[in-house]
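Raw contents of structure-v4.txt, compact mmCIF, C-alpha atoms:
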```txt
# COMPACT_ATOMS: atom_id res chain seq x y z
CA MET A 1 0.00 0.00 0.00
CA SER A 2 1.08 3.59 -0.48
CA ARG A 3 2.69 5.43 2.40
CA PHE A 4 0.62 8.54 1.82
CA ARG A 5 -2.81 8.22 3.32
CA LEU A 6 -5.68 10.58 2.58
CA PRO A 7 -7.39 12.03 5.65
CA ASP A 8 -10.25 9.82 6.82
CA GLU A 9 -13.01 12.26 5.96
CA VAL A 10 -11.63 12.83 2.45
CA ARG A 11 -11.79 9.08 1.86
CA ARG A 12 -15.22 8.89 3.36
CA GLY A 13 -16.42 11.76 1.12
CA LEU A 14 -15.00 10.13 -2.01
CA ARG A 15 -16.71 6.86 -1.14
CA ASP A 16 -20.07 8.55 -0.49
CA VAL A 17 -20.00 10.67 -3.63
CA ALA A 18 -18.99 7.90 -6.06
CA PRO A 19 -22.50 6.63 -6.85
CA LEU A 20 -23.73 10.21 -7.36
CA LEU A 21 -20.98 10.87 -9.90
CA ILE A 22 -22.54 8.25 -12.16
CA GLY A 23 -25.81 10.17 -12.04
CA VAL A 24 -24.15 13.52 -12.72
CA ALA A 25 -22.18 12.29 -15.75
CA PRO A 26 -25.03 12.11 -18.31
CA PHE A 27 -26.31 15.49 -17.10
CA GLY A 28 -22.86 16.99 -17.78
CA LEU A 29 -22.69 15.34 -21.21
CA VAL A 30 -26.01 16.96 -22.12
CA ALA A 31 -24.80 20.35 -20.82
CA GLY A 32 -21.85 20.17 -23.20
CA ALA A 33 -23.67 18.72 -26.20
CA ALA A 34 -26.68 21.04 -25.92
CA ALA A 35 -24.43 24.10 -25.61
CA VAL A 36 -22.67 23.54 -28.94
CA ASP A 37 -25.99 22.44 -30.44
CA ALA A 38 -27.46 25.84 -29.49
CA GLY A 39 -24.55 27.60 -31.18
CA LEU A 40 -22.22 28.37 -28.30
CA THR A 41 -18.53 28.06 -29.08
CA PRO A 42 -16.70 25.23 -27.28
CA LEU A 43 -14.92 27.84 -25.15
CA GLN A 44 -18.22 29.46 -24.15
CA ALA A 45 -19.65 26.03 -23.34
CA VAL A 46 -16.72 25.26 -21.04
CA GLY A 47 -16.90 28.79 -19.63
CA LEU A 48 -20.53 28.27 -18.69
CA SER A 49 -19.70 25.07 -16.81
CA VAL A 50 -16.71 26.58 -15.00
CA VAL A 51 -18.11 30.04 -14.22
CA VAL A 52 -21.68 29.07 -13.33
CA PHE A 53 -21.28 25.39 -12.33
CA ALA A 54 -25.00 24.84 -11.74
CA GLY A 55 -26.43 22.34 -14.19
CA ALA A 56 -30.13 23.19 -14.23
CA SER A 57 -29.51 26.91 -14.75
CA GLN A 58 -26.88 26.13 -17.40
CA LEU A 59 -29.32 24.03 -19.41
CA ALA A 60 -32.05 26.67 -19.14
CA ALA A 61 -29.57 29.35 -20.24
CA ILE A 62 -28.45 27.19 -23.18
CA ASP A 63 -32.07 26.70 -24.22
CA LEU A 64 -32.72 30.46 -24.11
CA PHE A 65 -29.46 31.28 -25.92
CA GLY A 66 -30.59 28.88 -28.64
CA SER A 67 -33.90 30.70 -29.08
CA ASN A 68 -32.25 34.13 -29.06
CA ALA A 69 -33.84 35.34 -25.84
CA GLU A 70 -32.87 38.67 -24.31
CA LEU A 71 -29.63 38.28 -22.37
CA LEU A 72 -31.20 39.83 -19.27
CA VAL A 73 -33.91 37.16 -19.40
CA VAL A 74 -31.25 34.44 -19.73
CA VAL A 75 -29.56 35.69 -16.57
CA LEU A 76 -32.80 36.23 -14.62
CA THR A 77 -34.09 32.76 -15.50
CA GLY A 78 -30.86 31.19 -14.31
CA VAL A 79 -31.02 33.16 -11.07
CA VAL A 80 -34.60 32.05 -10.38
CA ILE A 81 -33.57 28.42 -10.90
CA ASN A 82 -30.61 28.83 -8.55
CA LEU A 83 -32.57 30.57 -5.81
CA ARG A 84 -33.09 27.18 -4.17
CA MET A 85 -29.42 27.31 -3.20
CA LEU A 86 -30.23 30.09 -0.73
CA MET A 87 -31.88 27.32 1.25
CA TYR A 88 -28.73 25.17 1.13
CA SER A 89 -26.48 28.11 1.97
CA ALA A 90 -28.56 28.99 5.04
CA SER A 91 -28.79 25.40 6.18
CA ILE A 92 -25.10 24.54 5.87
CA ALA A 93 -23.71 27.92 7.04
CA PRO A 94 -23.50 27.03 10.77
CA HIS A 95 -21.19 24.11 9.91
CA PHE A 96 -18.81 26.38 7.99
CA ARG A 97 -18.62 29.09 10.63
CA ALA A 98 -15.10 28.19 11.71
CA LEU A 99 -13.68 28.19 8.17
CA ARG A 100 -11.35 30.90 6.91
CA SER A 101 -12.91 33.31 4.43
CA ALA A 102 -11.11 31.78 1.42
CA TRP A 103 -12.38 28.29 2.31
CA LYS A 104 -15.88 29.70 2.70
CA SER A 105 -15.72 31.14 -0.81
CA LEU A 106 -14.37 27.93 -2.25
CA SER A 107 -17.05 25.93 -0.46
CA ALA A 108 -19.75 28.28 -1.73
CA TYR A 109 -18.50 27.91 -5.31
CA VAL A 110 -18.98 24.12 -5.26
CA LEU A 111 -22.29 24.17 -3.37
CA THR A 112 -24.65 21.94 -5.37
CA ASP A 113 -27.76 19.88 -4.65
CA GLN A 114 -25.64 16.75 -4.28
CA ALA A 115 -22.80 18.28 -2.21
CA TYR A 116 -25.35 19.84 0.12
CA ALA A 117 -27.40 16.68 0.56
CA LEU A 118 -24.41 14.44 1.32
CA SER A 119 -22.64 16.89 3.63
CA ILE A 120 -25.64 17.86 5.72
CA ALA A 121 -26.41 14.17 6.22
CA ARG A 122 -22.81 13.54 7.34
CA TYR A 123 -22.70 16.59 9.64
CA THR A 124 -25.94 15.74 11.36
CA ASP A 125 -24.99 12.09 11.82
CA ALA A 126 -24.89 11.80 15.60
CA GLU A 127 -22.22 9.08 15.55
CA ALA A 128 -19.78 11.06 13.41
CA GLU A 129 -19.17 14.21 15.52
CA LEU A 130 -16.78 15.85 13.09
CA ASP A 131 -14.51 18.74 14.00
CA PRO A 132 -14.35 21.75 11.63
CA ARG A 133 -11.29 20.35 9.84
CA GLU A 134 -12.95 17.02 9.19
CA ARG A 135 -16.08 18.77 7.96
CA ARG A 136 -13.98 20.71 5.50
CA HIS A 137 -12.24 17.54 4.33
CA TYR A 138 -15.53 15.79 3.71
CA TYR A 139 -17.19 18.71 1.94
CA ILE A 140 -14.23 19.56 -0.29
CA ALA A 141 -13.81 15.91 -1.32
CA VAL A 142 -17.47 15.66 -2.27
CA GLY A 143 -17.76 19.12 -3.84
CA PHE A 144 -14.66 18.93 -6.01
CA SER A 145 -15.29 15.35 -7.14
CA LEU A 146 -18.61 16.56 -8.50
CA TRP A 147 -16.89 19.60 -10.00
CA ALA A 148 -14.22 17.53 -11.78
CA VAL A 149 -16.70 15.05 -13.21
CA TRP A 150 -18.96 17.88 -14.32
CA GLN A 151 -16.15 19.65 -16.21
CA CYS A 152 -14.86 16.44 -17.84
CA CYS A 153 -18.35 15.44 -18.96
CA THR A 154 -19.06 18.92 -20.33
CA ILE A 155 -15.93 18.70 -22.49
CA LEU A 156 -16.82 15.17 -23.61
CA GLY A 157 -20.34 16.38 -24.42
CA ILE A 158 -18.95 19.26 -26.49
CA VAL A 159 -16.76 16.87 -28.52
CA VAL A 160 -19.53 14.31 -29.05
CA GLY A 161 -22.34 16.83 -29.51
CA ALA A 162 -20.52 18.65 -32.30
CA ARG A 163 -20.54 15.41 -34.34
CA VAL A 164 -24.21 14.51 -33.97
CA PRO A 165 -26.48 15.52 -36.90
CA ASP A 166 -29.20 18.12 -36.17
CA SER A 167 -31.97 15.71 -37.21
CA TRP A 168 -31.28 13.62 -34.09
CA GLY A 169 -32.82 16.42 -32.04
CA LEU A 170 -30.16 16.33 -29.35
CA ALA A 171 -31.64 19.44 -27.71
CA PHE A 172 -34.53 17.23 -26.59
CA ALA A 173 -32.19 15.69 -24.00
CA VAL A 174 -32.47 18.97 -22.04
CA PRO A 175 -36.14 18.66 -21.02
CA LEU A 176 -35.50 14.95 -20.39
CA VAL A 177 -32.87 15.89 -17.81
CA PHE A 178 -35.29 18.34 -16.19
CA LEU A 179 -37.92 15.62 -16.16
CA SER A 180 -35.59 13.36 -14.20
CA LEU A 181 -35.11 16.21 -11.68
CA LEU A 182 -38.81 17.09 -11.56
CA ILE A 183 -40.31 13.74 -10.65
CA PRO A 184 -38.17 13.08 -7.54
CA ALA A 185 -38.77 16.73 -6.45
CA ILE A 186 -42.51 16.10 -6.12
CA THR A 187 -42.60 14.65 -2.62
CA THR A 188 -45.67 16.32 -1.10
CA LYS A 189 -49.10 17.47 -2.25
CA PRO A 190 -48.21 21.20 -2.13
CA LYS A 191 -45.11 20.46 -4.22
CA ALA A 192 -47.26 18.62 -6.77
CA ILE A 193 -49.51 21.68 -6.96
CA ALA A 194 -46.45 23.92 -7.36
CA ALA A 195 -45.34 21.73 -10.29
CA LEU A 196 -48.79 21.65 -11.87
CA VAL A 197 -49.19 25.42 -11.73
CA GLY A 198 -45.59 26.08 -12.74
CA GLY A 199 -45.87 23.81 -15.76
CA SER A 200 -49.29 25.14 -16.82
CA VAL A 201 -48.29 28.79 -16.59
CA ALA A 202 -45.11 28.11 -18.57
CA VAL A 203 -47.15 26.36 -21.30
CA ALA A 204 -49.61 29.29 -21.36
CA GLY A 205 -46.63 31.62 -21.64
CA ASP A 206 -45.45 29.74 -24.73
CA VAL A 207 -48.88 29.43 -26.33
CA PHE A 208 -49.75 33.10 -25.86
CA ALA A 209 -46.20 34.10 -26.79
CA VAL A 210 -45.38 36.05 -23.63
CA PRO A 211 -42.73 38.56 -24.67
CA LEU A 212 -39.03 38.08 -23.93
CA ASP A 213 -39.36 34.37 -23.05
CA LEU A 214 -40.55 35.34 -19.58
CA GLY A 215 -42.88 32.32 -19.48
CA LEU A 216 -40.41 30.27 -17.50
CA ILE A 217 -39.86 32.89 -14.82
CA LEU A 218 -43.63 33.53 -14.57
CA GLY A 219 -44.25 29.78 -14.35
CA GLY A 220 -41.65 29.38 -11.62
CA LEU A 221 -43.00 32.28 -9.56
CA ALA A 222 -46.64 31.23 -10.00
CA GLY A 223 -45.73 27.66 -9.03
CA VAL A 224 -43.94 28.80 -5.86
CA ALA A 225 -46.90 31.03 -4.92
CA ALA A 226 -49.34 28.16 -5.53
CA GLY A 227 -47.19 25.83 -3.42
CA VAL A 228 -47.11 28.30 -0.52
CA VAL A 229 -50.88 28.83 -0.66
CA ALA A 230 -51.60 25.10 -0.95
CA ASP A 231 -49.25 24.40 1.95
CA ALA A 232 -51.02 26.95 4.15
CA LEU A 233 -54.48 25.72 3.15
CA LEU A 234 -53.65 22.06 3.70
CA ALA A 235 -52.00 22.82 7.05
CA THR A 236 -54.99 24.76 8.36
CA SER A 237 -57.72 22.59 6.85
CA THR A 238 -57.30 19.69 9.28
CA PRO A 239 -58.01 21.69 12.46
CA LYS A 240 -60.99 23.71 11.21
CA SER A 241 -59.86 27.29 11.03
CA ASP A 242 -61.37 30.50 9.71
CA ARG A 243 -58.10 31.78 8.28
CA GLY A 244 -58.28 32.54 4.60
CA GLY A 245 -55.14 30.68 3.50
CA GLY A 246 -51.63 31.76 2.65
CA HIS A 247 -50.40 35.25 2.03
CA MET B 1 -28.67 31.29 -33.16
CA VAL B 2 -26.24 32.59 -30.64
CA ALA B 3 -24.15 34.45 -33.22
CA GLU B 4 -26.65 37.33 -33.16
CA TYR B 5 -25.64 38.35 -29.66
CA GLY B 6 -22.25 39.72 -30.65
CA PRO B 7 -18.96 38.57 -29.18
CA LEU B 8 -19.39 39.97 -25.67
CA GLY B 9 -23.08 39.30 -25.18
CA VAL B 10 -22.88 35.59 -24.40
CA TRP B 11 -19.82 36.01 -22.20
CA GLY B 12 -21.49 38.89 -20.39
CA ALA B 13 -24.50 36.72 -19.60
CA ILE B 14 -22.28 33.81 -18.49
CA VAL B 15 -20.29 36.01 -16.13
CA ALA B 16 -23.38 37.78 -14.77
CA LEU B 17 -25.13 34.48 -14.09
CA GLY B 18 -21.95 33.10 -12.52
CA VAL B 19 -21.48 36.09 -10.21
CA LEU B 20 -25.14 36.13 -9.12
CA THR B 21 -25.15 32.36 -8.57
CA PHE B 22 -22.02 32.65 -6.45
CA GLY B 23 -23.76 35.42 -4.50
CA ILE B 24 -26.71 33.12 -3.81
CA ARG B 25 -24.45 30.26 -2.74
CA SER B 26 -22.17 32.29 -0.52
CA SER B 27 -24.89 34.51 0.98
CA PHE B 28 -25.48 32.79 4.30
CA ILE B 29 -22.13 31.00 4.39
CA HIS B 30 -20.42 34.39 4.55
CA LEU B 31 -23.05 36.30 6.48
CA PHE B 32 -23.65 33.74 9.20
CA GLY B 33 -23.08 35.46 12.51
CA ARG B 34 -24.24 38.78 11.11
CA ILE B 35 -27.62 37.46 10.08
CA GLU B 36 -28.86 35.17 12.81
CA SER B 37 -31.62 33.25 11.13
CA VAL B 38 -33.48 33.06 7.87
CA PRO B 39 -37.13 34.11 7.99
CA ASP B 40 -39.18 30.91 8.20
CA ARG B 41 -41.61 32.10 5.60
CA ALA B 42 -38.85 32.63 3.04
CA MET B 43 -37.39 29.18 3.69
CA ASN B 44 -40.82 27.65 3.40
CA ALA B 45 -41.34 29.28 0.00
CA LEU B 46 -37.92 28.20 -1.32
CA GLN B 47 -38.79 24.51 -1.00
CA PHE B 48 -41.27 25.02 -3.86
CA VAL B 49 -38.66 26.42 -6.26
CA PRO B 50 -37.44 23.02 -7.56
CA PRO B 51 -40.83 21.46 -8.43
CA ALA B 52 -42.21 24.74 -9.85
CA VAL B 53 -39.15 25.60 -11.93
CA PHE B 54 -38.42 22.08 -13.16
CA ALA B 55 -42.05 21.70 -14.25
CA ALA B 56 -41.91 25.07 -16.02
CA LEU B 57 -38.79 23.86 -17.85
CA THR B 58 -40.18 20.43 -18.72
CA VAL B 59 -43.86 20.65 -19.57
CA PRO B 60 -43.76 23.19 -22.46
CA ALA B 61 -41.06 21.17 -24.24
CA PHE B 62 -43.36 18.14 -24.30
CA VAL B 63 -46.83 19.67 -24.60
CA ALA B 64 -46.15 22.64 -26.87
CA PRO B 65 -42.80 22.07 -28.60
CA GLU B 66 -43.67 24.37 -31.52
CA GLY B 67 -45.35 27.08 -29.46
CA SER B 68 -48.92 25.73 -29.49
CA ILE B 69 -50.44 22.82 -27.60
CA ALA B 70 -50.20 19.66 -29.72
CA VAL B 71 -51.37 16.16 -28.86
CA VAL B 72 -51.95 14.37 -32.17
CA GLY B 73 -48.72 13.69 -34.04
CA ASN B 74 -46.63 15.17 -31.22
CA GLU B 75 -43.66 12.83 -31.05
CA ARG B 76 -42.11 14.75 -28.14
CA LEU B 77 -45.18 14.34 -25.96
CA LEU B 78 -45.10 10.56 -26.43
CA ALA B 79 -41.33 10.45 -25.86
CA GLY B 80 -41.81 12.57 -22.73
CA LEU B 81 -44.47 10.24 -21.35
CA VAL B 82 -42.25 7.20 -21.92
CA ALA B 83 -39.36 9.01 -20.23
CA ALA B 84 -41.60 10.05 -17.32
CA ALA B 85 -42.59 6.42 -16.75
CA VAL B 86 -38.92 5.41 -16.77
CA THR B 87 -38.03 8.14 -14.24
CA TRP B 88 -40.91 7.10 -12.04
CA TYR B 89 -39.84 3.46 -11.90
CA LEU B 90 -36.04 3.71 -12.16
CA ASP B 91 -35.24 7.26 -10.95
CA ASP B 92 -32.14 7.31 -13.13
CA VAL B 93 -31.02 10.26 -15.28
CA PHE B 94 -29.23 8.14 -17.86
CA ALA B 95 -32.12 5.69 -18.33
CA THR B 96 -34.53 8.63 -18.67
CA ILE B 97 -32.45 10.26 -21.42
CA VAL B 98 -32.01 6.96 -23.28
CA ALA B 99 -35.72 6.11 -23.10
CA GLY B 100 -36.82 9.59 -24.23
CA MET B 101 -34.30 9.92 -27.07
CA ALA B 102 -34.88 6.35 -28.27
CA THR B 103 -38.64 6.92 -28.41
CA LEU B 104 -38.11 10.17 -30.33
CA TRP B 105 -35.80 8.48 -32.83
CA ILE B 106 -38.11 5.50 -33.36
CA LEU B 107 -41.03 7.85 -34.05
CA ARG B 108 -38.91 10.06 -36.26
CA PHE B 109 -36.83 7.57 -38.21
CA GLY B 110 -39.00 4.48 -37.73
CA PHE B 111 -36.27 1.93 -37.27
```
Would you write out, as structure tokens, the structure that this file holds?
Amino acid sequence: MSRFRLPDEVRRGLRDVAPLLIGVAPFGLVAGAAAVDAGLTPLQAVGLSVVVFAGASQLAAIDLFGSNAELLVVVLTGVVINLRMLMYSASIAPHFRALRSAWKSLSAYVLTDQAYALSIARYTDAEAELDPRERRHYYIAVGFSLWAVWQCCTILGIVVGARVPDSWGLAFAVPLVFLSLLIPAITTKPKAIAALVGGSVAVAGDVFAVPLDLGLILGGLAGVAAGVVADALLATSTPKSDRGGGH
Amino acid sequence: MVAEYGPLGVWGAIVALGVLTFGIRSSFIHLFGRIESVPDRAMNALQFVPPAVFAALTVPAFVAPEGSIAVVGNERLLAGLVAAAVTWYLDDVFATIVAGMATLWILRFGF
């Protein structure tokens, strides 16, 4: 065996993240292939993956670039999609309190759905009781494994995607990826209502040709509002209450 | 196509989205201690962002791929339904993409 031994929590993080890397790989391939398919240069496609490093918002941006949307709308749509990370940032912040500022920034840069989910589970595992250094080891191992696989798959997707004929409709892989994110995200009745309203408003936006491709943002906001209202109504409907629902 | 944006347009959007996304990610990580807690109501609303946004990204591409609702002869709707069934039973990104693309190609090329 080698004399150099990785810190325990780095090894643990690598072991935990391995199965998730297999799930991230096809998503990254699509991000690369769809970007060149939409007309981005290979450098812009890589730039998107490195600078933004948030798959769902990248794919939405690629889609909008491809349909010549206003650049401001491209950015706003991506921001709305990434707003969910506020939740992760708030939830994981207490565990990063002891980190130096540079480590905080680095950790923030690689904060993803997967890195958040694994790390918060590890940190709240009562048997683990990690010190701040171990927490950092675990998080960085998970976060940068995902980052490395994402970048490699983007590049592979760019190379492969550039060789696939247009008639294959490669861009269709983008909504398929979102579909595979959507279905596991519907875990409660209010979330199902949020999805139903979000999807319907977005379709209406397309059908009635809402200007500037704002249909997606409107759908997202309407869906969130519907989810909040449904949540409030369902919570208060069991004990009979005279409150008029959510605000 | 993207070429109509001019050389700096696409890069400008990439950098702007990157900076704002980093701002979202680092917000509480950097501010913790200065901001004690997140308003409960805001946190409660954020849990609905993924289902709402992912549905808004998915449904139009299947139901109205050309800008108007189409059911008859809509190969993408059928491919989307097959892919949805695969996601439901397997919960696997790769299998979902393969099932959806394969259905689209069979309907389109008929092999």
- prompt: Can you tell me how far CA of Ala83 (chain B) sits from CA of Leu83 (chain A), in Å to one decimal?
  reply: 26.8 Å
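Between chain B and the residues A:Lys189, A:Arg11, A:Arg97, A:Arg163, the shortest atom-to-atom distance, using all atoms listed in the file, involves A:Arg97.
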I'd like the neighbourhood of Lys191 (chain A) as a PDB file with C-alpha atoms, in the coordinates of the input, where a residue qualifies if any of its atoms comes within 10 Å (using all atoms listed in the file), though same-chain residues fewer than 2 positions away should be ignored.
```
ATOM      1  CA  ALA A 185     -38.770  16.730  -6.450  1.00  0.00           C
ATOM      2  CA  ILE A 186     -42.510  16.100  -6.120  1.00  0.00           C
ATOM      3  CA  THR A 187     -42.600  14.650  -2.620  1.00  0.00           C
ATOM      4  CA  THR A 188     -45.670  16.320  -1.100  1.00  0.00           C
ATOM      5  CA  LYS A 189     -49.100  17.470  -2.250  1.00  0.00           C
ATOM      6  CA  ILE A 193     -49.510  21.680  -6.960  1.00  0.00           C
ATOM      7  CA  ALA A 194     -46.450  23.920  -7.360  1.00  0.00           C
ATOM      8  CA  ALA A 195     -45.340  21.730 -10.290  1.00  0.00           C
ATOM      9  CA  LEU A 196     -48.790  21.650 -11.870  1.00  0.00           C
ATOM     10  CA  VAL A 197     -49.190  25.420 -11.730  1.00  0.00           C
ATOM     11  CA  GLY A 223     -45.730  27.660  -9.030  1.00  0.00           C
ATOM     12  CA  VAL A 224     -43.940  28.800  -5.860  1.00  0.00           C
ATOM     13  CA  ALA A 226     -49.340  28.160  -5.530  1.00  0.00           C
ATOM     14  CA  GLY A 227     -47.190  25.830  -3.420  1.00  0.00           C
ATOM     15  CA  VAL A 228     -47.110  28.300  -0.520  1.00  0.00           C
ATOM     16  CA  ALA A 230     -51.600  25.100  -0.950  1.00  0.00           C
ATOM     17  CA  ASP A 231     -49.250  24.400   1.950  1.00  0.00           C
TER      18      ASP A 231
ATOM     19  CA  GLN B  47     -38.790  24.510  -1.000  1.00  0.00           C
ATOM     20  CA  PHE B  48     -41.270  25.020  -3.860  1.00  0.00           C
ATOM     21  CA  VAL B  49     -38.660  26.420  -6.260  1.00  0.00           C
ATOM     22  CA  PRO B  50     -37.440  23.020  -7.560  1.00  0.00           C
ATOM     23  CA  PRO B  51     -40.830  21.460  -8.430  1.00  0.00           C
ATOM     24  CA  ALA B  52     -42.210  24.740  -9.850  1.00  0.00           C
TER      25      ALA B  52
END
```
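Between CA of Phe27 (chain A) and CA of Ile140 (chain A) there is a distance of 21.1 Å.
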task: Anything within 12 Å of (-40.1, 4.5, -17.1): list those residues as a PyMOL selection string, counting only C-alpha atoms and sticking to the file's coordinates.
output: (chain A and resi 176+179-180+183) or (chain B and resi 79-100+103)
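Distances to Asp16 (chain A) were evaluated for A:Pro175, A:Gly143, A:Gly66, A:Gly205 using all atoms listed in the file, and the minimum falls at A:Gly143.
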- request: Write out as a PyMOL selection string each polymer residue whose atoms come within 10 Å of Gly12 (chain B), counting all atoms listed in the file; drop sequence neighbours fewer than 6 positions from it.
  value: (chain A and resi 71-72+75) or (chain B and resi 18)
Just-selected residues, C-alpha atoms written as a short mmCIF file (atom, residue, chain, number, x, y, z; two decimals), keeping the file's coordinate frame:
```cif
data_model
loop_
_atom_site.label_atom_id
_atom_site.label_comp_id
_atom_site.auth_asym_id
_atom_site.auth_seq_id
_atom_site.Cartn_x
_atom_site.Cartn_y
_atom_site.Cartn_z
CA LEU A 71 -29.63 38.28 -22.37
CA LEU A 72 -31.20 39.83 -19.27
CA VAL A 75 -29.56 35.69 -16.57
CA GLY B 18 -21.95 33.10 -12.52
#
```
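With only C-alpha atoms as the atoms that count, the minimum distance from chain B to the choices A:Gly13, A:Leu111, A:Leu29, A:Pro7 is reached by A:Leu111.
Each of A:Arg100, A:Arg84, A:His95, A:Arg5 was checked against Asn44 (chain B) using all atoms listed in the file; the smallest atom-to-atom distance is that of A:Arg84.
Shortest separation to Phe96 (chain A) among A:Tyr138, A:Pro165, A:Ala60, A:Phe65 occurs at residue A:Tyr138, atoms counted being only C-alpha atoms.
When all atoms listed in the file are used to compute distances to Ala192 (chain A), the closest of the residues B:Ala55, B:Ile24, B:Ala42, B:Leu31 turns out to be B:Ala55.
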query: How many Å separate CA of Phe62 (chain B) from CA of Arg76 (chain B)?
result: 5.3 Å
query: Hey, what's within 7 Å of Ile81 (chain A) if we count all atoms listed in the file and toss same-chain stuff fewer than 3 positions away? As a PyMOL selection string, please?
result: (chain A and resi 57+77-78+84) or (chain B and resi 53)
Could those selected residues go to a file with C-alpha atoms, as a PDB file, in the coordinates of the input?
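again.pdb written:
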```pdb
ATOM      1  CA  SER A  57     -29.510  26.910 -14.750  1.00  0.00           C
ATOM      2  CA  THR A  77     -34.090  32.760 -15.500  1.00  0.00           C
ATOM      3  CA  GLY A  78     -30.860  31.190 -14.310  1.00  0.00           C
ATOM      4  CA  ARG A  84     -33.090  27.180  -4.170  1.00  0.00           C
TER       5      ARG A  84
ATOM      6  CA  VAL B  53     -39.150  25.600 -11.930  1.00  0.00           C
TER       7      VAL B  53
END
```
task: Find the residues around Phe32 (chain B) up to 12 Å (all atoms listed in the file counted), leave out those fewer than 4 positions away in its own chain, and share them as a PyMOL selection string.
output: (chain A and resi 89-99+101+104) or (chain B and resi 26-28+36-38)
Once you've located region 83-94 of chain B in the structure I gave, write it as a short mmCIF file (atom, residue, chain, number, x, y, z; two decimals), in the first residue's frame, keeping N, CA and C atoms.
```cif
data_model
loop_
_atom_site.label_atom_id
_atom_site.label_comp_id
_atom_site.auth_asym_id
_atom_site.auth_seq_id
_atom_site.Cartn_x
_atom_site.Cartn_y
_atom_site.Cartn_z
N ALA B 83 -40.46 8.64 -21.12
CA ALA B 83 -39.36 9.01 -20.23
C ALA B 83 -39.86 9.22 -18.80
N ALA B 84 -41.05 9.82 -18.65
CA ALA B 84 -41.60 10.05 -17.32
C ALA B 84 -41.85 8.72 -16.60
N ALA B 85 -42.36 7.74 -17.34
CA ALA B 85 -42.59 6.42 -16.75
C ALA B 85 -41.27 5.80 -16.30
N VAL B 86 -40.23 5.96 -17.12
CA VAL B 86 -38.92 5.41 -16.77
C VAL B 86 -38.36 6.09 -15.51
N THR B 87 -38.50 7.43 -15.44
CA THR B 87 -38.03 8.14 -14.24
C THR B 87 -38.78 7.66 -13.01
N TRP B 88 -40.07 7.51 -13.17
CA TRP B 88 -40.91 7.10 -12.04
C TRP B 88 -40.46 5.76 -11.47
N TYR B 89 -40.17 4.81 -12.38
CA TYR B 89 -39.84 3.46 -11.90
C TYR B 89 -38.36 3.28 -11.60
N LEU B 90 -37.48 3.95 -12.33
CA LEU B 90 -36.04 3.71 -12.16
C LEU B 90 -35.32 4.85 -11.45
N ASP B 91 -35.88 6.09 -11.53
CA ASP B 91 -35.24 7.26 -10.95
C ASP B 91 -33.76 7.35 -11.34
N ASP B 92 -33.50 7.32 -12.63
CA ASP B 92 -32.14 7.31 -13.13
C ASP B 92 -32.04 8.26 -14.33
N VAL B 93 -31.13 9.24 -14.24
CA VAL B 93 -31.02 10.26 -15.28
C VAL B 93 -30.69 9.63 -16.63
N PHE B 94 -29.71 8.73 -16.61
CA PHE B 94 -29.23 8.14 -17.86
C PHE B 94 -30.35 7.34 -18.55
#
```
